[in-house]
Each structure stands twice: as structure tokens, then as C-alpha cells.
$ cat start_20.pdb   # PDB, C-alpha atoms
MODEL        1
ATOM      1  CA  MET A   6      43.041  31.075 118.460
ATOM      2  CA  ASN A   7      39.393  31.586 117.548
ATOM      3  CA  GLN A   8      39.325  35.317 116.907
ATOM      4  CA  PRO A   9      41.608  37.211 114.544
ATOM      5  CA  SER A  10      43.593  39.843 116.400
ATOM      6  CA  PHE A  11      42.643  42.707 114.107
ATOM      7  CA  GLN A  12      42.613  46.072 115.845
ATOM      8  CA  GLN A  13      40.713  49.238 115.080
ATOM      9  CA  GLY A  14      42.282  52.667 115.231
ATOM     10  CA  PRO A  15      42.802  54.391 118.599
ATOM     11  CA  GLY A  16      40.506  57.254 117.597
ATOM     12  CA  GLU A  17      37.538  54.934 117.217
ATOM     13  CA  LYS A  18      38.194  53.154 120.507
ATOM     14  CA  ALA A  19      38.596  56.399 122.398
ATOM     15  CA  ALA A  20      35.359  57.726 120.976
ATOM     16  CA  SER A  21      33.401  54.697 122.153
ATOM     17  CA  THR A  22      34.856  54.987 125.641
ATOM     18  CA  GLU A  23      33.757  58.588 125.987
ATOM     19  CA  GLN A  24      30.108  57.728 125.326
ATOM     20  CA  GLY A  25      27.928  56.662 128.218
ATOM     21  CA  ALA A  26      26.868  53.031 128.353
ATOM     22  CA  GLY A  27      23.190  54.034 128.199
ATOM     23  CA  ALA A  28      23.682  55.693 124.800
ATOM     24  CA  MET A  29      25.170  52.636 123.138
ATOM     25  CA  ARG A  30      23.611  51.278 119.957
ATOM     26  CA  CYS A  31      24.168  47.879 118.377
ATOM     27  CA  GLY A  32      22.405  45.999 115.620
ATOM     28  CA  LEU A  33      22.596  43.514 112.776
ATOM     29  CA  ILE A  34      22.696  44.798 109.191
ATOM     30  CA  ALA A  35      22.381  42.445 106.208
ATOM     31  CA  ILE A  36      24.161  43.295 102.965
ATOM     32  CA  VAL A  37      22.027  41.686 100.258
ATOM     33  CA  GLY A  38      21.993  41.687  96.455
ATOM     34  CA  ARG A  39      22.491  39.622  93.346
ATOM     35  CA  PRO A  40      25.972  38.341  92.470
ATOM     36  CA  ASN A  41      28.652  40.842  91.439
ATOM     37  CA  VAL A  42      27.116  44.084  92.702
ATOM     38  CA  GLY A  43      30.031  44.714  95.074
ATOM     39  CA  LYS A  44      28.683  43.416  98.394
ATOM     40  CA  SER A  45      31.992  42.027  99.653
ATOM     41  CA  THR A  46      33.908  45.141  98.604
ATOM     42  CA  LEU A  47      31.335  47.222 100.470
ATOM     43  CA  LEU A  48      31.613  45.068 103.596
ATOM     44  CA  ASN A  49      35.392  45.433 103.634
ATOM     45  CA  ALA A  50      35.058  49.203 103.249
ATOM     46  CA  LEU A  51      32.465  49.468 106.030
ATOM     47  CA  VAL A  52      34.604  47.413 108.410
ATOM     48  CA  GLY A  53      37.828  49.128 107.402
ATOM     49  CA  GLN A  54      39.656  45.810 106.940
ATOM     50  CA  LYS A  55      39.538  43.058 104.342
ATOM     51  CA  ILE A  56      37.539  40.185 105.821
ATOM     52  CA  SER A  57      35.531  39.080 102.768
ATOM     53  CA  ILE A  58      37.166  37.956  99.546
ATOM     54  CA  THR A  59      36.408  39.563  96.207
ATOM     55  CA  SER A  60      36.739  38.577  92.557
ATOM     56  CA  ARG A  61      34.939  39.111  89.276
ATOM     57  CA  LYS A  62      33.623  35.550  89.405
ATOM     58  CA  ALA A  63      29.965  35.293  90.470
ATOM     59  CA  GLN A  64      29.220  33.615  93.799
ATOM     60  CA  THR A  65      32.663  34.288  95.263
ATOM     61  CA  THR A  66      31.079  34.737  98.709
ATOM     62  CA  ARG A  67      29.726  31.394  99.913
ATOM     63  CA  HIS A  68      29.288  31.887 103.629
ATOM     64  CA  ARG A  69      27.609  34.335 105.951
ATOM     65  CA  ILE A  70      30.492  36.667 106.771
ATOM     66  CA  THR A  71      30.140  38.893 109.828
ATOM     67  CA  GLY A  72      32.031  42.177 109.910
ATOM     68  CA  ILE A  73      32.079  44.482 112.931
ATOM     69  CA  ARG A  74      32.697  48.229 113.055
ATOM     70  CA  SER A  75      32.599  50.156 116.340
ATOM     71  CA  VAL A  76      32.467  53.944 115.983
ATOM     72  CA  GLY A  77      31.516  56.409 118.700
ATOM     73  CA  ASP A  78      28.568  54.981 120.634
ATOM     74  CA  THR A  79      27.550  52.548 117.891
ATOM     75  CA  GLN A  80      28.564  49.022 116.983
ATOM     76  CA  TYR A  81      27.551  48.002 113.476
ATOM     77  CA  VAL A  82      27.395  44.246 112.888
ATOM     78  CA  PHE A  83      27.317  43.669 109.134
ATOM     79  CA  VAL A  84      26.501  40.378 107.464
ATOM     80  CA  ASP A  85      27.677  39.820 103.894
ATOM     81  CA  THR A  86      25.528  37.186 102.210
ATOM     82  CA  PRO A  87      26.132  35.074  99.102
ATOM     83  CA  GLY A  88      24.648  36.542  95.927
ATOM     84  CA  PHE A  89      21.152  35.070  95.505
ATOM     85  CA  GLN A  90      21.143  32.549  92.648
ATOM     86  CA  THR A  91      18.115  32.382  90.349
ATOM     87  CA  LYS A  92      19.327  29.592  88.060
ATOM     88  CA  HIS A  93      21.630  26.553  88.106
ATOM     89  CA  LEU A  94      20.153  25.426  91.432
ATOM     90  CA  SER A  95      22.697  22.784  92.404
ATOM     91  CA  ALA A  96      22.857  21.611  95.999
ATOM     92  CA  LEU A  97      25.584  24.210  96.556
ATOM     93  CA  ASN A  98      23.475  27.079  95.189
ATOM     94  CA  LYS A  99      20.441  25.953  97.181
ATOM     95  CA  SER A 100      22.607  26.013 100.310
ATOM     96  CA  LEU A 101      23.822  29.540  99.482
ATOM     97  CA  ASN A 102      20.280  30.806  98.848
ATOM     98  CA  LYS A 103      19.186  29.301 102.155
ATOM     99  CA  ALA A 104      21.915  31.339 103.865
ATOM    100  CA  VAL A 105      20.583  34.534 102.258
ATOM    101  CA  VAL A 106      16.967  33.928 103.280
ATOM    102  CA  GLY A 107      17.980  32.905 106.800
ATOM    103  CA  THR A 108      20.033  36.065 107.266
ATOM    104  CA  VAL A 109      17.356  38.465 106.027
ATOM    105  CA  GLY A 110      14.845  37.140 108.549
ATOM    106  CA  ASP A 111      17.022  37.973 111.552
ATOM    107  CA  VAL A 112      18.331  41.537 111.176
ATOM    108  CA  ASP A 113      17.478  45.107 112.166
ATOM    109  CA  LEU A 114      18.252  46.661 108.788
ATOM    110  CA  VAL A 115      18.836  45.573 105.194
ATOM    111  CA  LEU A 116      21.267  47.203 102.793
ATOM    112  CA  PHE A 117      19.947  46.258  99.351
ATOM    113  CA  VAL A 118      22.902  46.706  97.012
ATOM    114  CA  VAL A 119      22.426  47.314  93.286
ATOM    115  CA  GLU A 120      24.542  48.875  90.586
ATOM    116  CA  ALA A 121      23.700  52.571  90.318
ATOM    117  CA  GLY A 122      21.371  53.160  87.384
ATOM    118  CA  ASN A 123      20.560  49.472  86.875
ATOM    119  CA  PHE A 124      17.770  47.200  88.069
ATOM    120  CA  SER A 125      17.389  43.744  86.547
ATOM    121  CA  LEU A 126      15.000  40.847  86.965
ATOM    122  CA  LYS A 127      17.609  39.197  89.208
ATOM    123  CA  ASP A 128      17.633  42.318  91.406
ATOM    124  CA  ALA A 129      13.839  42.171  91.609
ATOM    125  CA  GLN A 130      13.914  38.519  92.664
ATOM    126  CA  VAL A 131      16.273  39.339  95.530
ATOM    127  CA  LEU A 132      14.156  42.337  96.579
ATOM    128  CA  SER A 133      11.066  40.114  96.799
ATOM    129  CA  LEU A 134      12.721  38.099  99.586
ATOM    130  CA  PHE A 135      12.197  40.824 102.185
ATOM    131  CA  GLU A 136       9.566  43.099 100.685
ATOM    132  CA  GLY A 137       7.570  44.974 103.320
ATOM    133  CA  ARG A 138       9.144  43.241 106.317
ATOM    134  CA  LEU A 139      12.218  45.230 107.280
ATOM    135  CA  PRO A 140      13.575  48.765 106.980
ATOM    136  CA  THR A 141      15.606  48.679 103.792
ATOM    137  CA  ILE A 142      18.184  51.129 102.489
ATOM    138  CA  LEU A 143      18.808  51.172  98.755
ATOM    139  CA  VAL A 144      22.570  51.315  98.249
ATOM    140  CA  ALA A 145      23.258  52.363  94.658
ATOM    141  CA  ASN A 146      26.835  51.140  94.391
ATOM    142  CA  LYS A 147      29.515  51.644  91.721
ATOM    143  CA  LEU A 148      28.605  55.311  91.361
ATOM    144  CA  ASP A 149      32.147  55.888  90.110
ATOM    145  CA  VAL A 150      31.449  53.913  86.915
ATOM    146  CA  LEU A 151      28.039  55.454  86.159
ATOM    147  CA  HIS A 152      28.425  57.128  82.760
ATOM    148  CA  ARG A 153      25.584  59.669  82.994
ATOM    149  CA  ARG A 154      25.002  61.088  86.469
ATOM    150  CA  SER A 155      21.994  63.019  85.119
ATOM    151  CA  GLU A 156      20.119  59.715  84.801
ATOM    152  CA  LEU A 157      20.458  58.928  88.522
ATOM    153  CA  ALA A 158      17.555  61.096  89.783
ATOM    154  CA  PRO A 159      14.865  59.582  87.502
ATOM    155  CA  TRP A 160      16.243  56.116  88.213
ATOM    156  CA  LEU A 161      15.977  56.689  91.977
ATOM    157  CA  LYS A 162      12.380  57.866  91.511
ATOM    158  CA  SER A 163      11.560  54.664  89.632
ATOM    159  CA  MET A 164      13.147  52.630  92.418
ATOM    160  CA  GLN A 165      10.943  54.330  95.024
ATOM    161  CA  GLU A 166       7.927  53.198  93.007
ATOM    162  CA  ARG A 167       9.173  49.607  93.171
ATOM    163  CA  HIS A 168       9.647  49.483  96.937
ATOM    164  CA  ASP A 169       9.137  51.689  99.979
ATOM    165  CA  PHE A 170      12.826  52.147 100.725
ATOM    166  CA  ALA A 171      13.676  53.881 103.994
ATOM    167  CA  GLU A 172      16.628  55.720 102.407
ATOM    168  CA  PHE A 173      18.509  56.062  99.121
ATOM    169  CA  VAL A 174      22.309  56.161  99.348
ATOM    170  CA  PRO A 175      24.243  56.405  96.054
ATOM    171  CA  ILE A 176      27.869  55.509  96.770
ATOM    172  CA  SER A 177      31.151  54.193  95.540
ATOM    173  CA  ALA A 178      32.475  51.633  98.002
ATOM    174  CA  LYS A 179      35.958  52.874  97.038
ATOM    175  CA  ASN A 180      35.212  56.375  98.365
ATOM    176  CA  PRO A 181      35.841  56.673 102.145
ATOM    177  CA  LYS A 182      33.517  59.711 102.439
ATOM    178  CA  ASP A 183      30.657  57.751 100.862
ATOM    179  CA  VAL A 184      31.271  54.840 103.240
ATOM    180  CA  ALA A 185      31.329  57.152 106.284
ATOM    181  CA  HIS A 186      28.049  58.706 105.119
ATOM    182  CA  LEU A 187      26.441  55.266 104.820
ATOM    183  CA  LEU A 188      27.455  54.467 108.395
ATOM    184  CA  ASP A 189      25.792  57.694 109.567
ATOM    185  CA  VAL A 190      22.616  56.790 107.667
ATOM    186  CA  CYS A 191      22.496  53.301 109.225
ATOM    187  CA  ARG A 192      22.985  54.426 112.835
ATOM    188  CA  PRO A 193      19.396  55.561 113.724
ATOM    189  CA  TYR A 194      17.974  52.200 112.650
ATOM    190  CA  LEU A 195      19.982  50.260 115.234
ATOM    191  CA  PRO A 196      18.438  49.670 118.680
ATOM    192  CA  GLU A 197      19.882  51.162 121.841
ATOM    193  CA  GLN A 198      21.511  48.226 123.595
ATOM    194  CA  ASP A 199      24.891  46.980 124.805
ATOM    195  CA  TRP A 200      27.452  45.927 122.235
ATOM    196  CA  TRP A 201      27.730  42.264 121.326
ATOM    197  CA  TYR A 202      31.464  42.234 120.642
ATOM    198  CA  ALA A 203      34.600  43.748 122.112
ATOM    199  CA  GLU A 204      35.372  47.152 120.645
ATOM    200  CA  ASP A 205      38.487  45.937 118.783
ATOM    201  CA  GLU A 206      36.900  42.873 117.118
ATOM    202  CA  LEU A 207      36.362  43.080 113.366
ATOM    203  CA  THR A 208      34.928  39.643 112.537
ATOM    204  CA  ASP A 209      33.596  36.526 114.204
ATOM    205  CA  LYS A 210      35.383  34.269 111.720
ATOM    206  CA  SER A 211      38.440  32.248 112.709
ATOM    207  CA  GLU A 212      41.876  32.697 111.199
ATOM    208  CA  ARG A 213      41.551  29.198 109.760
ATOM    209  CA  PHE A 214      38.412  30.256 107.877
ATOM    210  CA  LEU A 215      40.043  33.467 106.627
ATOM    211  CA  ALA A 216      43.008  31.466 105.347
ATOM    212  CA  SER A 217      40.750  29.208 103.267
ATOM    213  CA  GLU A 218      38.964  32.252 101.841
ATOM    214  CA  ILE A 219      42.164  34.065 100.882
ATOM    215  CA  ILE A 220      43.486  30.960  99.101
ATOM    216  CA  ARG A 221      40.144  30.592  97.278
ATOM    217  CA  GLU A 222      40.272  34.240  96.214
ATOM    218  CA  LYS A 223      43.721  33.779  94.679
ATOM    219  CA  LEU A 224      42.521  30.584  93.008
ATOM    220  CA  PHE A 225      39.647  32.406  91.290
ATOM    221  CA  ARG A 226      41.666  35.474  90.381
ATOM    222  CA  LEU A 227      44.520  33.524  88.831
ATOM    223  CA  THR A 228      42.368  31.044  86.899
ATOM    224  CA  GLY A 229      39.874  33.622  85.600
ATOM    225  CA  ASP A 230      36.975  32.175  83.625
ATOM    226  CA  GLU A 231      38.850  28.940  82.893
ATOM    227  CA  LEU A 232      37.862  27.325  86.190
ATOM    228  CA  PRO A 233      34.185  26.803  87.102
ATOM    229  CA  TYR A 234      33.217  28.375  90.402
ATOM    230  CA  THR A 235      32.421  24.883  91.729
ATOM    231  CA  SER A 236      35.847  24.670  93.308
ATOM    232  CA  THR A 237      36.622  25.081  96.976
ATOM    233  CA  VAL A 238      39.459  25.122  99.493
ATOM    234  CA  LEU A 239      39.731  22.948 102.594
ATOM    235  CA  ILE A 240      42.213  23.659 105.378
ATOM    236  CA  ASP A 241      43.757  20.336 106.353
ATOM    237  CA  THR A 242      45.984  21.690 109.126
ATOM    238  CA  PHE A 243      46.463  25.130 110.672
ATOM    239  CA  THR A 244      49.112  25.261 113.375
ATOM    240  CA  GLU A 245      50.831  28.098 115.184
ATOM    241  CA  GLU A 246      54.230  28.112 116.828
ATOM    242  CA  PRO A 247      56.696  30.710 118.146
ATOM    243  CA  GLY A 248      58.570  32.416 115.334
ATOM    244  CA  LYS A 249      62.322  32.898 115.126
ATOM    245  CA  THR A 250      62.144  36.156 113.167
ATOM    246  CA  ALA A 251      58.512  37.113 113.909
ATOM    247  CA  ASN A 252      56.159  37.027 116.884
ATOM    248  CA  ARG A 253      54.144  34.217 115.324
ATOM    249  CA  MET A 254      54.670  31.505 112.747
ATOM    250  CA  VAL A 255      51.649  29.837 111.114
ATOM    251  CA  ARG A 256      51.839  26.656 109.051
ATOM    252  CA  ILE A 257      48.910  25.919 106.737
ATOM    253  CA  ALA A 258      48.241  22.801 104.676
ATOM    254  CA  ALA A 259      45.282  23.152 102.323
ATOM    255  CA  SER A 260      43.532  21.184  99.587
ATOM    256  CA  ILE A 261      41.997  22.812  96.514
ATOM    257  CA  VAL A 262      39.011  20.657  95.539
ATOM    258  CA  VAL A 263      37.892  20.568  91.894
ATOM    259  CA  GLU A 264      35.405  18.402  90.017
ATOM    260  CA  ARG A 265      37.443  17.196  87.013
ATOM    261  CA  ASP A 266      40.975  16.165  86.117
ATOM    262  CA  SER A 267      41.032  18.922  83.491
ATOM    263  CA  HIS A 268      40.258  21.464  86.247
ATOM    264  CA  LYS A 269      43.138  20.069  88.288
ATOM    265  CA  ALA A 270      45.492  20.668  85.366
ATOM    266  CA  MET A 271      44.233  24.277  85.093
ATOM    267  CA  VAL A 272      44.964  24.932  88.750
ATOM    268  CA  ILE A 273      48.428  23.372  88.702
ATOM    269  CA  GLY A 274      49.447  25.077  85.463
ATOM    270  CA  GLU A 275      52.504  24.405  83.356
ATOM    271  CA  ARG A 276      55.247  22.929  85.534
ATOM    272  CA  GLY A 277      53.207  23.796  88.620
ATOM    273  CA  GLU A 278      53.697  27.535  88.122
ATOM    274  CA  ARG A 279      50.056  28.575  88.652
ATOM    275  CA  LEU A 280      49.670  26.574  91.865
ATOM    276  CA  LYS A 281      52.939  28.045  93.100
ATOM    277  CA  ARG A 282      51.700  31.560  92.361
ATOM    278  CA  ILE A 283      48.380  30.904  94.156
ATOM    279  CA  GLY A 284      50.336  29.826  97.230
ATOM    280  CA  THR A 285      52.745  32.754  97.060
ATOM    281  CA  GLU A 286      50.065  35.434  96.708
ATOM    282  CA  ALA A 287      47.951  33.844  99.461
ATOM    283  CA  ARG A 288      50.965  33.657 101.772
ATOM    284  CA  GLN A 289      51.886  37.299 101.186
ATOM    285  CA  GLU A 290      48.378  38.522 101.974
ATOM    286  CA  LEU A 291      47.962  36.246 104.992
ATOM    287  CA  GLU A 292      51.238  37.442 106.497
ATOM    288  CA  LYS A 293      49.827  40.982 106.513
ATOM    289  CA  LEU A 294      46.388  39.864 107.673
ATOM    290  CA  LEU A 295      47.601  37.631 110.508
ATOM    291  CA  ASP A 296      50.740  39.611 111.392
ATOM    292  CA  ALA A 297      52.747  36.397 111.259
ATOM    293  CA  LYS A 298      55.261  34.468 109.224
ATOM    294  CA  VAL A 299      53.202  32.067 107.115
ATOM    295  CA  PHE A 300      54.098  28.808 105.369
ATOM    296  CA  ILE A 301      51.570  27.278 102.951
ATOM    297  CA  GLU A 302      51.468  23.832 101.335
ATOM    298  CA  LEU A 303      48.817  23.281  98.644
ATOM    299  CA  TRP A 304      47.443  20.134  97.036
ATOM    300  CA  VAL A 305      44.801  19.769  94.318
ATOM    301  CA  LYS A 306      42.225  16.991  94.675
ATOM    302  CA  VAL A 307      39.468  15.846  92.307
ATOM    303  CA  ARG A 308      36.076  15.161  93.895
ATOM    304  CA  SER A 309      33.616  14.661  91.059
ATOM    305  CA  GLY A 310      30.118  16.058  91.704
ATOM    306  CA  TRP A 311      30.919  17.488  95.137
ATOM    307  CA  SER A 312      28.876  20.673  94.575
ATOM    308  CA  ASP A 313      25.681  18.643  94.109
ATOM    309  CA  ASP A 314      26.333  16.177  96.928
ATOM    310  CA  ALA A 315      24.568  17.174 100.155
ATOM    311  CA  SER A 316      26.767  15.005 102.383
ATOM    312  CA  ARG A 317      29.965  16.468 100.955
ATOM    313  CA  LEU A 318      28.598  19.992 101.248
ATOM    314  CA  ARG A 319      28.046  19.400 104.961
ATOM    315  CA  ALA A 320      31.527  17.927 105.324
ATOM    316  CA  TYR A 321      32.996  20.969 103.567
ATOM    317  CA  GLY A 322      31.172  23.368 105.914
ATOM    318  CA  TYR A 323      28.372  24.624 103.645
ATOM    319  CA  GLU A 324      25.446  23.429 105.748
TER
ENDMDL
END
$ encode --input "start_20.pdb" --output "C-alpha cells"
Amino acid sequence: MNQPSFQQGPGEKAASTEQGAGAMRCGLIAIVGRPNVGKSTLLNALVGQKISITSRKAQTTRHRITGIRSVGDTQYVFVDTPGFQTKHLSALNKSLNKAVVGTVGDVDLVLFVVEAGNFSLKDAQVLSLFEGRLPTILVANKLDVLHRRSELAPWLKSMQERHDFAEFVPISAKNPKDVAHLLDVCRPYLPEQDWWYAEDELTDKSERFLASEIIREKLFRLTGDELPYTSTVLIDTFTEEPGKTANRMVRIAASIVVERDSHKAMVIGERGERLKRIGTEARQELEKLLDAKVFIELWVKVRSGWSDDASRLRAYGYE
């Protein structure tokens, strides 16, 4: 099953049906920024469904994640990119940066996400990737944690001097009204054309991919800063069969790949408790996401130097 069977609300589908085919709009929107500015959280809010994993660890997003939202006559196709890395350029980070640059060159609109009231050298380096080439909306995210709202206006003025932004949109990705406003702002920048996806599709990623991402999210959240981000999850088997107590039953076998034996011990935890918790929390979330009964088996494998090995990166799906 290549496409997740996520469904949008009936109100959105009905609205799109009422619009004439000639009025349809559809376009590609890149969500770009340095690590940890809330890009994945924003993508999930814009789509209305969790399709991109989040954690406090930098570089949680490692792949180009496509999220789709169809509202009224418009289909928004969002692309969440990895946070652009400016140091520690391992083969993995070079691959992630390549994904960012490749995405920015092939979209109709860029959402440049920064933390409201802040602009660092790392932000500037990301901004330089697409300067002057594409309509760009400055999304000042995390407005809910900005201590002094009075400082926002002068900060926005200084940002306009840095780049000719098409729009400024201060938001909190946790506020549904802010997210709806951002959708309205994006709409005029998308070309009038037929939609690329069915109206009830929310992502182009497979369920197998989403399973690996959910497991990786739980891995990072439950190990905190103990485990370097150079760890990944590989799905060894993903099978579906008729369920006895549910419509579907999915069996997943996955390997958590780390670089050192000490990392393996961190993941497993005392008496295997941490690994068990990773599996339990991933299973619980996947059962909701896939609308199925889910069984997960996890193993931890040591592959020294994998994140700087181009052949292994390709084998693990990073290139």
C-alpha cells in the first residue's frame, strides 16, 4: 500500500467540489530554515495531520517530506526540508544540505521560517540560498514564546532591510487561526492549474517510511542528548494482514542503527526498558496513524562510521 489512507474533513472536500475546475490552484511551497525553528511542527499544522516527526534534537528531519492540504479551490503542496547545516559537514549533513538546495530551486513559493525576534548568522546563511530568486514569505514562528511583543515591529523592519520579502507573517504554529491565516497568504502565489494529488491525500510518503520516522522520533525523544543524532532506523519488514479485532493488522520489524557499542547500550537501557518503551510509544502512535493493530519488533545494530560513508547512506535511503 503506497499511500497512507489519511482523510481530510468532509467540509474541505465539499468546498473543493463546489469550485469550478478552471478556478483551481496548485503549487509547491518549500518550508526552509535552520535547525530547530519549528519547520516540522509548522508542516504538521498546515497539513492538519502529523506527517513529519519533531523533537528538540537538531536535524530531526532528514528527508524531503511532502505534505498536502486541499482547501476550497486550492491544493497546497508543502515540502519540509532538513535544517541547513553550516558545520560538522559529514557525508550525512552534505546529503541533507543537498536536499535543501535541490528543493528550493523547484518551488513556486518559499516559507522562510525563523524564530520571531531572532535572526542569527545561521539564518542568514540559509537565506542566502534563495536570495532574489523566488517569492519568499518570512514566517516569524514561535510568537507564543516571544517575551516582548513591542520589539516585533522594529525587528520586522530590520528583516525587510535584509531581504525583499513578499510578506511578513508572525505566527505560532500551535495556533489554528495563525495557521489558517498563513494558508490564505500563500494562496495568491500558487498558479492556476489542476491539482496534482487526490483531494483526500495528505502525503506522498509510504506507510513504511512513516513507520521508520515515528520510531526514530521516539528514539530521539527518549534518549535526549545522550545519543548523537547520527542514529537512524531501518524497516526490515513491513507486512499487512487481515486483523481479527481490527480492519488491518501491520507487523513491523525494524533496526535502530548506531555508531558505537556505548550508543547501543543507551538505546537498550537497563534490562531493555528503554528499547521496550521506544517500541511501545511508536506502536501506540502508529496504531492511530495507520488505523490498524500494529506489532513492532526492534533490534539495535552497531555500524561504525555509517553517517560518513557514502555507500551506506545510499543503502539507507539518504541519496
$ residues_around --input "start_20.pdb" --residues "A:Ser260" --least-positions-apart "5" --cutoff "10 Å" --atoms "only C-alpha atoms" --output "list in words"
Ser217, Ile220, Thr237, Val238, Leu239, Ile240, Asp241, Thr242, Glu302, Leu303, Trp304, Val305, Lys306 and Val307 of chain A
$ resolve_selection --input "start_20.pdb" --expression "the PyMOL selection byres ((chain A and resi 80-83) around 6)" --output "list in words"
Cys31, Gly32, Leu33, Ile34, Ala35, Thr71, Gly72, Ile73, Arg74, Ser75, Thr79 and Val84 of chain A
$ resolve_selection --input "start_20.pdb" --expression "the PyMOL selection byres ((chain A and resi 245) around 8)" --output "ChimeraX atom specification"
/A:243-244,246-247,253-256
$ resolve_selection --input "start_20.pdb" --expression "the PyMOL selection byres ((chain A and resi 282) around 12)" --output "number ranges by chain"
A: 220, 223-224, 226-228, 272-281, 283-289, 301-303
$ residues_around --input "start_20.pdb" --residues "A:Glu218" --least-positions-apart "2" --cutoff "8 Å" --atoms "only C-alpha atoms" --output "PyMOL selection string"
chain A and resi 57-58+214-216+220-222+238
$ atom_distance --input "start_20.pdb" --atom1 "atom CA of A:Phe173" --atom2 "atom CA of A:Gly77"
23.5 Å
